[in-house]
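Visitor: Supplied structure: work-v1.cif, mmCIF, C-alpha atoms.
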data_final
loop_
_atom_site.label_atom_id
_atom_site.label_comp_id
_atom_site.auth_asym_id
_atom_site.auth_seq_id
_atom_site.Cartn_x
_atom_site.Cartn_y
_atom_site.Cartn_z
CA MET A 1 62.19 94.19 101.10
CA ASN A 2 63.30 94.25 97.48
CA ASP A 3 63.04 97.52 95.62
CA PRO A 4 60.45 96.88 92.88
CA ALA A 5 62.59 98.98 90.54
CA GLY A 6 65.71 96.95 91.27
CA PHE A 7 67.29 94.09 89.36
CA VAL A 8 65.34 90.84 89.31
CA PRO A 9 67.37 87.94 87.89
CA PRO A 10 65.60 86.36 84.92
CA PRO A 11 65.01 82.60 84.91
CA TYR A 12 68.24 80.77 84.18
CA PRO A 13 67.83 79.55 80.60
CA TYR A 14 68.38 75.86 81.24
CA ASP A 15 66.01 75.87 84.22
CA ARG A 16 63.25 76.48 81.69
CA LEU A 17 63.76 72.92 80.46
CA ASP A 18 62.61 71.49 83.79
CA ARG A 19 59.08 71.03 82.50
CA LEU A 20 60.35 68.85 79.62
CA ALA A 21 62.62 66.62 81.71
CA PRO A 22 59.77 64.44 83.09
CA LEU A 23 58.58 63.76 79.55
CA ALA A 24 62.00 62.39 78.61
CA ALA A 25 62.45 60.58 81.93
CA ALA A 26 59.24 58.63 81.36
CA LEU A 27 60.83 56.59 78.57
CA PRO A 28 62.73 53.37 79.41
CA GLY A 29 66.36 54.26 79.90
CA GLY A 30 65.56 57.77 81.10
CA VAL A 31 66.69 61.20 79.94
CA VAL A 32 69.43 61.67 77.36
CA ASP A 33 70.58 65.21 78.12
CA LEU A 34 71.82 67.00 75.01
CA SER A 35 70.94 70.46 76.31
CA ILE A 36 74.07 71.63 78.16
CA GLY A 37 77.64 71.29 76.87
CA THR A 38 78.80 69.22 79.84
CA PRO A 39 81.57 66.78 78.83
CA CYS A 40 80.91 63.13 79.61
CA ASP A 41 84.24 61.59 78.59
CA PRO A 42 87.13 61.03 81.01
CA PRO A 43 90.13 63.33 81.24
CA PRO A 44 93.57 61.73 80.94
CA ALA A 45 94.62 59.63 83.93
CA ALA A 46 97.77 61.72 84.36
CA VAL A 47 95.63 64.84 84.76
CA VAL A 48 93.54 63.21 87.47
CA ASP A 49 96.71 62.02 89.17
CA ALA A 50 98.12 65.56 89.17
CA LEU A 51 94.86 66.83 90.62
CA SER A 52 95.06 64.26 93.40
CA HIS A 53 98.75 64.54 94.30
CA SER A 54 99.77 68.16 93.71
CA ASN A 55 100.24 69.05 97.41
CA ALA A 56 98.92 72.44 96.35
CA GLU A 57 95.76 72.41 98.42
CA ARG A 58 97.12 74.03 101.59
CA GLY A 59 98.14 77.52 100.59
CA TYR A 60 96.37 80.27 98.72
CA PRO A 61 97.12 80.02 95.00
CA ALA A 62 98.19 83.04 92.97
CA SER A 63 95.12 84.54 91.30
CA ILE A 64 97.12 85.14 88.12
CA GLY A 65 98.11 81.48 88.02
CA SER A 66 101.28 79.75 89.13
CA GLU A 67 104.50 80.31 87.24
CA SER A 68 104.33 76.73 85.97
CA LEU A 69 100.77 77.16 84.70
CA ARG A 70 101.48 80.42 82.90
CA ALA A 71 104.63 78.92 81.38
CA ALA A 72 102.58 75.93 80.21
CA ILE A 73 100.01 78.26 78.66
CA ARG A 74 102.73 80.21 76.86
CA THR A 75 104.24 76.99 75.51
CA TRP A 76 100.82 75.76 74.43
CA LEU A 77 99.97 79.00 72.63
CA HIS A 78 103.24 78.88 70.75
CA GLY A 79 102.95 75.19 69.91
CA GLN A 80 99.35 75.39 68.72
CA PHE A 81 99.29 78.78 67.02
CA GLN A 82 102.90 79.92 66.63
CA VAL A 83 102.21 83.05 68.65
CA ASP A 84 104.59 84.29 71.33
CA VAL A 85 102.87 85.82 74.34
CA PRO A 86 105.03 87.00 77.26
CA VAL A 87 104.18 85.27 80.53
CA ALA A 88 103.38 88.68 82.02
CA GLN A 89 100.50 88.95 79.51
CA ILE A 90 98.89 85.66 80.55
CA ALA A 91 96.67 84.99 83.56
CA ALA A 92 94.36 82.28 84.87
CA CYS A 93 90.63 82.53 85.52
CA VAL A 94 88.14 80.30 87.32
CA GLY A 95 86.81 78.73 84.18
CA THR A 96 85.75 81.31 81.63
CA LYS A 97 82.08 81.87 82.43
CA GLU A 98 82.92 83.99 85.46
CA PHE A 99 85.40 85.94 83.32
CA VAL A 100 82.75 86.62 80.68
CA ALA A 101 80.22 87.67 83.31
CA THR A 102 82.47 89.94 85.38
CA THR A 103 84.82 91.62 82.91
CA PRO A 104 82.35 94.31 81.77
CA GLN A 105 81.99 95.69 85.30
CA TYR A 106 85.76 95.90 85.70
CA LEU A 107 86.14 97.66 82.36
CA LYS A 108 83.31 100.05 83.24
CA LEU A 109 85.28 101.10 86.33
CA ARG A 110 88.32 101.61 84.10
CA THR A 111 86.47 103.65 81.46
CA PRO A 112 83.33 105.12 83.03
CA SER A 113 82.68 107.31 79.99
CA ARG A 114 81.69 104.21 77.99
CA ASP A 115 78.66 102.06 78.73
CA THR A 116 78.10 99.59 75.89
CA VAL A 117 78.99 95.91 75.49
CA LEU A 118 78.82 94.60 71.92
CA TYR A 119 78.30 90.86 71.41
CA PRO A 120 76.98 88.48 68.73
CA ALA A 121 73.19 88.57 68.37
CA VAL A 122 72.89 84.78 68.56
CA ALA A 123 75.28 83.82 71.31
CA TYR A 124 76.12 82.33 74.66
CA PRO A 125 73.72 84.20 77.01
CA THR A 126 76.41 85.25 79.50
CA TYR A 127 77.72 87.98 77.18
CA GLU A 128 74.42 89.83 77.54
CA MET A 129 74.11 89.02 81.24
CA GLY A 130 77.62 90.36 81.89
CA ALA A 131 76.55 93.67 80.39
CA THR A 132 73.39 93.69 82.49
CA LEU A 133 75.23 92.94 85.73
CA ALA A 134 77.64 95.78 84.98
CA GLY A 135 74.79 98.25 84.45
CA CYS A 136 75.79 98.56 80.80
CA ARG A 137 73.90 98.56 77.52
CA GLY A 138 74.10 95.20 75.88
CA VAL A 139 73.96 95.70 72.11
CA PRO A 140 73.74 92.57 69.92
CA VAL A 141 75.63 92.61 66.64
CA PRO A 142 73.82 90.83 63.77
CA ALA A 143 75.28 87.86 61.98
CA ALA A 144 76.41 87.91 58.37
CA PRO A 145 74.80 85.36 56.00
CA ASP A 146 77.56 82.84 56.80
CA GLY A 147 76.87 83.13 60.53
CA SER A 148 79.98 85.17 61.36
CA ILE A 149 79.71 88.44 63.24
CA ASP A 150 78.83 91.31 60.90
CA LEU A 151 81.16 94.09 61.97
CA ALA A 152 79.81 96.41 59.27
CA ALA A 153 76.41 96.32 60.98
CA ILE A 154 77.72 98.01 64.14
CA ASP A 155 76.21 101.49 64.45
CA PRO A 156 78.98 104.11 64.71
CA ALA A 157 77.13 105.63 67.67
CA ASP A 158 77.31 102.29 69.50
CA ALA A 159 80.99 101.92 68.59
CA ALA A 160 81.69 105.33 70.12
CA ARG A 161 80.12 104.18 73.40
CA ALA A 162 81.57 100.66 73.34
CA LEU A 163 83.46 99.38 76.34
CA MET A 164 84.29 96.10 74.61
CA LEU A 165 83.37 93.79 71.76
CA TRP A 166 82.92 90.07 72.31
CA VAL A 167 83.57 87.68 69.44
CA ASN A 168 83.16 83.91 69.69
CA SER A 169 84.72 81.60 67.12
CA PRO A 170 83.80 78.77 66.78
CA SER A 171 80.45 80.10 67.94
CA ASN A 172 78.28 78.71 70.66
CA PRO A 173 75.59 77.87 69.58
CA THR A 174 75.92 78.15 65.80
CA GLY A 175 79.40 76.70 65.22
CA ALA A 176 80.13 79.54 62.78
CA LEU A 177 83.66 80.85 62.33
CA SER A 178 84.37 84.58 62.32
CA ASP A 179 87.20 86.57 60.76
CA LEU A 180 89.21 87.36 63.88
CA HIS A 181 91.75 89.45 61.96
CA ALA A 182 88.87 91.69 60.86
CA ALA A 183 87.54 91.89 64.41
CA ALA A 184 90.95 92.92 65.75
CA ALA A 185 91.29 95.55 63.01
CA TRP A 186 87.81 96.91 63.76
CA GLY A 187 88.64 97.18 67.45
CA ARG A 188 91.87 99.05 66.82
CA ALA A 189 90.23 101.40 64.35
CA ASN A 190 87.46 102.22 66.83
CA ASP A 191 89.57 102.14 70.01
CA VAL A 192 87.43 99.29 71.39
CA PRO A 193 89.05 96.32 73.18
CA VAL A 194 88.14 93.03 71.51
CA PHE A 195 87.71 89.95 73.68
CA SER A 196 87.75 86.70 71.73
CA ASP A 197 86.10 83.69 73.35
CA GLU A 198 87.95 80.73 71.84
CA CYS A 199 86.77 77.93 74.14
CA TYR A 200 85.86 75.62 71.24
CA ILE A 201 88.99 76.24 69.21
CA ALA A 202 90.15 72.61 69.52
CA PHE A 203 87.03 71.56 67.64
CA THR A 204 87.38 73.66 64.50
CA TRP A 205 86.27 71.53 61.55
CA ASP A 206 86.17 73.68 58.42
CA ALA A 207 89.46 75.58 58.71
CA PRO A 208 92.70 75.54 60.68
CA PRO A 209 92.13 76.72 64.27
CA SER A 210 92.49 80.50 64.48
CA THR A 211 93.09 82.81 67.45
CA ILE A 212 92.73 86.57 67.54
CA LEU A 213 96.33 86.63 68.78
CA HIS A 214 97.40 85.83 65.21
CA SER A 215 96.66 89.48 64.48
CA GLY A 216 98.98 90.73 67.22
CA LEU A 217 98.44 91.41 70.91
CA ASP A 218 97.56 95.10 70.96
CA GLY A 219 93.95 95.80 71.89
CA VAL A 220 92.85 92.17 72.03
CA VAL A 221 92.44 89.45 74.66
CA ALA A 222 91.97 85.76 73.84
CA VAL A 223 89.97 83.71 76.35
CA HIS A 224 90.48 79.95 76.60
CA SER A 225 89.19 77.07 78.69
CA LEU A 226 90.25 73.52 79.52
CA SER A 227 86.64 72.50 80.15
CA LYS A 228 85.94 71.32 76.61
CA ARG A 229 89.32 70.31 75.19
CA SER A 230 90.28 68.22 78.25
CA ASN A 231 86.90 67.29 79.78
CA LEU A 232 87.68 69.34 82.89
CA ALA A 233 84.54 71.45 83.24
CA GLY A 234 84.29 70.57 86.93
CA VAL A 235 87.85 71.67 87.66
CA ARG A 236 87.24 75.26 86.46
CA VAL A 237 90.43 76.33 84.73
CA GLY A 238 90.59 78.97 82.04
CA PHE A 239 92.97 81.70 81.04
CA TYR A 240 93.18 85.00 79.20
CA ALA A 241 96.10 86.40 77.23
CA GLY A 242 96.87 89.37 75.03
CA ASP A 243 97.20 93.14 75.36
CA ALA A 244 99.66 94.07 78.09
CA GLU A 245 97.67 96.93 79.61
CA LEU A 246 94.33 95.13 79.56
CA VAL A 247 95.71 91.90 81.02
CA ASN A 248 97.65 93.73 83.72
CA TYR A 249 94.60 95.78 84.70
CA LEU A 250 92.38 92.72 84.95
CA LYS A 251 95.05 90.80 86.87
CA GLU A 252 95.24 93.55 89.48
CA VAL A 253 91.46 93.95 89.85
CA ARG A 254 90.89 90.21 90.09
CA LYS A 255 93.48 89.93 92.88
CA HIS A 256 91.29 92.17 95.01
CA VAL A 257 88.20 90.08 94.26
CA GLY A 258 89.95 86.85 95.20
CA MET A 259 89.42 85.12 91.85
CA MET A 260 91.76 82.16 92.37
CA VAL A 261 91.92 78.86 90.50
CA PRO A 262 92.53 76.19 93.19
CA GLY A 263 96.13 75.01 93.36
CA PRO A 264 95.38 71.36 92.53
CA ALA A 265 93.37 72.47 89.51
CA GLN A 266 96.32 74.55 88.30
CA ALA A 267 98.62 71.53 88.63
CA ALA A 268 96.19 69.40 86.64
CA ALA A 269 95.98 72.09 83.95
CA VAL A 270 99.75 72.06 83.48
CA VAL A 271 99.60 68.35 82.66
CA ALA A 272 96.57 68.74 80.40
CA LEU A 273 98.15 71.52 78.37
CA GLY A 274 101.23 69.40 77.82
CA ASP A 275 99.26 66.58 76.19
CA GLU A 276 97.58 66.99 72.81
CA ALA A 277 97.01 63.28 72.20
CA HIS A 278 93.87 63.21 74.33
CA VAL A 279 92.51 66.23 72.46
CA VAL A 280 92.88 64.40 69.14
CA VAL A 281 90.91 61.48 70.61
CA GLN A 282 88.21 63.85 71.82
CA ARG A 283 87.99 65.54 68.42
CA ASP A 284 87.32 62.16 66.81
CA ARG A 285 84.62 61.36 69.38
CA TYR A 286 82.79 64.62 68.81
CA ARG A 287 83.07 64.43 65.05
CA HIS A 288 81.55 60.95 65.04
CA ARG A 289 78.74 61.96 67.39
CA LEU A 290 77.94 65.09 65.38
CA GLU A 291 77.66 63.07 62.19
CA ARG A 292 75.52 60.37 63.80
CA LEU A 293 73.13 62.70 65.63
CA ALA A 294 72.72 64.88 62.54
CA GLU A 295 71.80 61.75 60.59
CA VAL A 296 69.34 60.61 63.28
CA LEU A 297 67.54 63.93 63.65
CA SER A 298 67.40 64.59 59.90
CA SER A 299 65.91 61.14 59.27
CA TRP A 300 63.36 61.51 62.03
CA CYS A 301 62.02 65.01 61.46
CA GLY A 302 62.72 65.61 57.79
CA VAL A 303 64.58 68.84 58.57
CA GLU A 304 68.12 69.30 57.29
CA VAL A 305 70.51 69.25 60.24
CA PRO A 306 73.83 70.63 58.94
CA MET A 307 77.25 69.90 60.38
CA PRO A 308 78.82 72.88 62.16
CA ALA A 309 82.00 74.62 61.05
CA GLY A 310 83.26 74.25 64.61
CA GLY A 311 82.22 73.24 68.12
CA PHE A 312 80.26 70.23 69.25
CA TYR A 313 76.72 71.54 68.80
CA LEU A 314 74.21 70.94 66.05
CA TRP A 315 72.31 74.15 65.29
CA PHE A 316 69.40 73.98 62.89
CA ASP A 317 66.11 75.58 61.93
CA ALA A 318 63.27 73.58 63.47
CA HIS A 319 60.60 76.24 62.68
CA ASP A 320 59.63 76.38 66.37
CA GLY A 321 62.41 75.60 68.83
CA TRP A 322 60.20 74.86 71.85
CA GLN A 323 57.75 72.74 69.89
CA PHE A 324 60.61 70.66 68.48
CA ALA A 325 62.23 70.29 71.92
CA GLU A 326 58.99 69.05 73.47
CA ARG A 327 58.35 66.57 70.69
CA LEU A 328 61.88 65.20 70.92
CA ALA A 329 61.56 64.86 74.69
CA ARG A 330 58.30 62.92 74.33
CA GLU A 331 59.33 60.68 71.47
CA GLY A 332 63.10 60.39 71.80
CA GLY A 333 63.63 61.01 75.51
CA ALA A 334 66.26 63.63 74.69
CA LEU A 335 66.58 67.18 75.99
CA VAL A 336 67.85 69.85 73.60
CA SER A 337 68.02 73.64 73.95
CA PRO A 338 65.44 75.83 72.19
CA GLY A 339 67.25 78.51 70.25
CA ASP A 340 65.72 81.46 72.07
CA PHE A 341 68.13 80.70 74.93
CA TYR A 342 70.74 82.34 72.68
CA GLY A 343 68.86 85.44 71.64
CA ALA A 344 65.59 86.33 69.96
CA GLY A 345 67.14 85.63 66.56
CA GLY A 346 67.39 81.94 67.43
CA SER A 347 63.72 81.33 68.26
CA HIS A 348 63.18 79.04 65.27
CA ASN A 349 66.29 77.02 66.02
CA VAL A 350 67.44 74.20 68.26
CA ARG A 351 70.87 73.44 69.71
CA ALA A 352 71.85 69.83 70.41
CA ALA A 353 75.08 69.13 72.29
CA VAL A 354 76.73 65.81 71.42
CA VAL A 355 77.96 65.32 74.98
CA GLN A 356 76.48 61.89 75.66
CA PRO A 357 78.25 58.57 74.96
CA ASP A 358 77.59 56.79 71.70
CA ASP A 359 75.28 54.24 73.33
CA ARG A 360 73.02 57.01 74.66
CA ILE A 361 72.82 58.62 71.24
CA GLU A 362 71.94 55.22 69.81
CA LEU A 363 69.21 54.91 72.45
CA VAL A 364 67.67 58.10 71.10
CA ALA A 365 67.97 56.73 67.56
CA SER A 366 66.19 53.49 68.50
CA ARG A 367 63.38 55.38 70.26
CA LEU A 368 62.89 57.48 67.13
CA GLY A 369 62.96 54.41 64.87
CA VAL A 370 66.15 55.46 63.06
CA ARG A 371 68.77 52.88 62.15
#
Take the structure in the file and give it back as structure tokens.
Guide:
Amino acid sequence: MNDPAGFVPPPYPYDRLDRLAPLAAALPGGVVDLSIGTPCDPPPAAVVDALSHSNAERGYPASIGSESLRAAIRTWLHGQFQVDVPVAQIAACVGTKEFVATTPQYLKLRTPSRDTVLYPAVAYPTYEMGATLAGCRGVPVPAAPDGSIDLAAIDPADAARALMLWVNSPSNPTGALSDLHAAAAWGRANDVPVFSDECYIAFTWDAPPSTILHSGLDGVVAVHSLSKRSNLAGVRVGFYAGDAELVNYLKEVRKHVGMMVPGPAQAAAVVALGDEAHVVVQRDRYRHRLERLAEVLSSWCGVEVPMPAGGFYLWFDAHDGWQFAERLAREGGALVSPGDFYGAGGSHNVRAAVVQPDDRIELVASRLGVR
């Protein structure tokens, strides 16, 4: 029997949309799902070929990633950002969601005198859940007026107890860009490791792509994923890189847990990281879809739907996120995410992911009477 005082998992955020799905499904053509950031476009054929013919499926893969994968990551980091990270300070993870969710518990074992996880107040919900699963205090950090994380708003008492600070730029869900140099400096000044979730970095619109590694490696870890840039969400390949002591500690802990990216997935990742042409194509697709869906929703509801500074989500004030989501499901057959999925501060907002093909977005436009 469960202990009534024990942990009871809350409803998974996206499961709460189940009641709206039948409303959208009732329209001819069915549901257009803009709620979850699941890529719909194909990965490069060479990546699929590597996945199919790697001959890496028989043995146990290295949990830190194969030598070829870590070398490919190092080359990619240097080519994209002109940062040099030693291979020893790079490791693979099974996508990045599991890394976000499990890292606080590993750090709590490392530093039991600290018990607080700092994260953006409007954010990917797994930052908070990772703190909860580790038995830590999850403390949201407010946003500045431009949507970036407001480091000055962190209470010194919380900083003194902080196990880690999460930053996310471009942000999910808001698309805002944060000053990662400032975040790294804050972490060093307060002796708090800073983990920078940079999964949407390939889709940075309003500035050159920036990584926290530009500020040096000490005290920081950058977290990256191939799910978005290469349409490989189902393959589950991510990586983390940065501070030598932090990366080495996490590498050793994760070996014991058996966190291993499958060998064929690692082989496919090597090919994907060596090809930027497909990422340029994907950037163009998302940019076009963002512009079109923003136009459609603005025309339909009379609410300004701004373009994001980064990422492939539209984030806008709909006055009541759930009311807007239900109306759009009924009238447009589209599912979007009410903003309270991402923290209480987002309750008025809606997030729409432009992860459906152009013809499906046009189907929504025609249902809403927008040309």
Visitor: Using all atoms listed in the file, which protein or nucleic acid residues come within 12 Å of A:Ser35? Drop anything in the same chain fewer than 2 positions from it, and give the result as a PDB file with C-alpha atoms, keeping the file's coordinate frame.
Guide:
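That gives us out-v2.pdb:
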ATOM      1  CA  PRO A  13      67.830  79.550  80.600  1.00  0.00           C
ATOM      2  CA  TYR A  14      68.380  75.860  81.240  1.00  0.00           C
ATOM      3  CA  ASP A  15      66.010  75.870  84.220  1.00  0.00           C
ATOM      4  CA  ARG A  16      63.250  76.480  81.690  1.00  0.00           C
ATOM      5  CA  LEU A  17      63.760  72.920  80.460  1.00  0.00           C
ATOM      6  CA  ASP A  18      62.610  71.490  83.790  1.00  0.00           C
ATOM      7  CA  LEU A  20      60.350  68.850  79.620  1.00  0.00           C
ATOM      8  CA  ALA A  21      62.620  66.620  81.710  1.00  0.00           C
ATOM      9  CA  VAL A  31      66.690  61.200  79.940  1.00  0.00           C
ATOM     10  CA  VAL A  32      69.430  61.670  77.360  1.00  0.00           C
ATOM     11  CA  ASP A  33      70.580  65.210  78.120  1.00  0.00           C
ATOM     12  CA  GLY A  37      77.640  71.290  76.870  1.00  0.00           C
ATOM     13  CA  THR A  38      78.800  69.220  79.840  1.00  0.00           C
ATOM     14  CA  PRO A  39      81.570  66.780  78.830  1.00  0.00           C
ATOM     15  CA  PRO A 173      75.590  77.870  69.580  1.00  0.00           C
ATOM     16  CA  PHE A 312      80.260  70.230  69.250  1.00  0.00           C
ATOM     17  CA  TYR A 313      76.720  71.540  68.800  1.00  0.00           C
ATOM     18  CA  LEU A 314      74.210  70.940  66.050  1.00  0.00           C
ATOM     19  CA  TRP A 315      72.310  74.150  65.290  1.00  0.00           C
ATOM     20  CA  ALA A 325      62.230  70.290  71.920  1.00  0.00           C
ATOM     21  CA  LEU A 328      61.880  65.200  70.920  1.00  0.00           C
ATOM     22  CA  ALA A 329      61.560  64.860  74.690  1.00  0.00           C
ATOM     23  CA  GLY A 333      63.630  61.010  75.510  1.00  0.00           C
ATOM     24  CA  ALA A 334      66.260  63.630  74.690  1.00  0.00           C
ATOM     25  CA  LEU A 335      66.580  67.180  75.990  1.00  0.00           C
ATOM     26  CA  VAL A 336      67.850  69.850  73.600  1.00  0.00           C
ATOM     27  CA  SER A 337      68.020  73.640  73.950  1.00  0.00           C
ATOM     28  CA  PRO A 338      65.440  75.830  72.190  1.00  0.00           C
ATOM     29  CA  GLY A 339      67.250  78.510  70.250  1.00  0.00           C
ATOM     30  CA  PHE A 341      68.130  80.700  74.930  1.00  0.00           C
ATOM     31  CA  VAL A 350      67.440  74.200  68.260  1.00  0.00           C
ATOM     32  CA  ARG A 351      70.870  73.440  69.710  1.00  0.00           C
ATOM     33  CA  ALA A 352      71.850  69.830  70.410  1.00  0.00           C
ATOM     34  CA  ALA A 353      75.080  69.130  72.290  1.00  0.00           C
ATOM     35  CA  VAL A 354      76.730  65.810  71.420  1.00  0.00           C
ATOM     36  CA  VAL A 355      77.960  65.320  74.980  1.00  0.00           C
ATOM     37  CA  GLN A 356      76.480  61.890  75.660  1.00  0.00           C
TER      38      GLN A 356
END
Visitor: Give me the residues of stretch 254-290 of chain A that have any atom at most 8 Å from an atom of stretch 89-113 of chain A; for each, the nearest atom pair and the distance in Å, rounded to one decimal. Use only C-alpha atoms, sort by chain and number, and format it as a Markdown table.
Guide:
| residue | atom | partner | partner_atom | distance |
| --- | --- | --- | --- | --- |
| A:Met259 | CA | A:Val94 | CA | 6.7 |
| A:Met260 | CA | A:Val94 | CA | 6.5 |
| A:Val261 | CA | A:Val94 | CA | 5.1 |
Visitor: Calculated over all atoms listed in the file, which of the candidates A:Ser169, A:Thr75, A:Thr132, A:Leu118 has the smallest distance to A:Ile154?
Guide: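 Smallest separation from A:Ile154 among the options: A:Leu118.
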Visitor: Could you list, as a PyMOL selection string, every residue matched by the PyMOL selection byres ((chain A and resi 318) around 7) in this structure?
Guide: chain A and resi 303+316-317+319-321+324+348-350
Visitor: Return as an MDAnalysis selection string the set of residues that the PyMOL selection byres ((chain A and resi 150) around 10) yields on the displayed structure.
Guide: chainID A and resid 120:121 141:149 151:154 178:179 183
Visitor: As a check of understanding, name the residues that the PyMOL selection byres ((chain A and resi 65-68) around 12) selects in the supplied structure, as a ChimeraX atom specification.
Guide: /A:56,60-64,69-75,87-94,237-240,251,254-255,259-271,273-274
Visitor: Do you have the atom CA of A:Asn190-atom CA of A:Ala160 distance handy?
Guide: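 Result for atom CA of A:Asn190 versus atom CA of A:Ala160: 7.3 Å, one decimal.
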Visitor: Give me the residues within 10 Å of A:Ala159 as a list in words, counting all atoms listed in the file and dropping any in the same chain fewer than 3 places off.
Guide: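 Answer for this query is Arg114, Thr116, Val117, Leu118, Ile154, Asp155, Pro156, Ala162, Leu163, Met164, Leu165, Trp186, Gly187, Asn190, Asp191 and Val192 of chain A.
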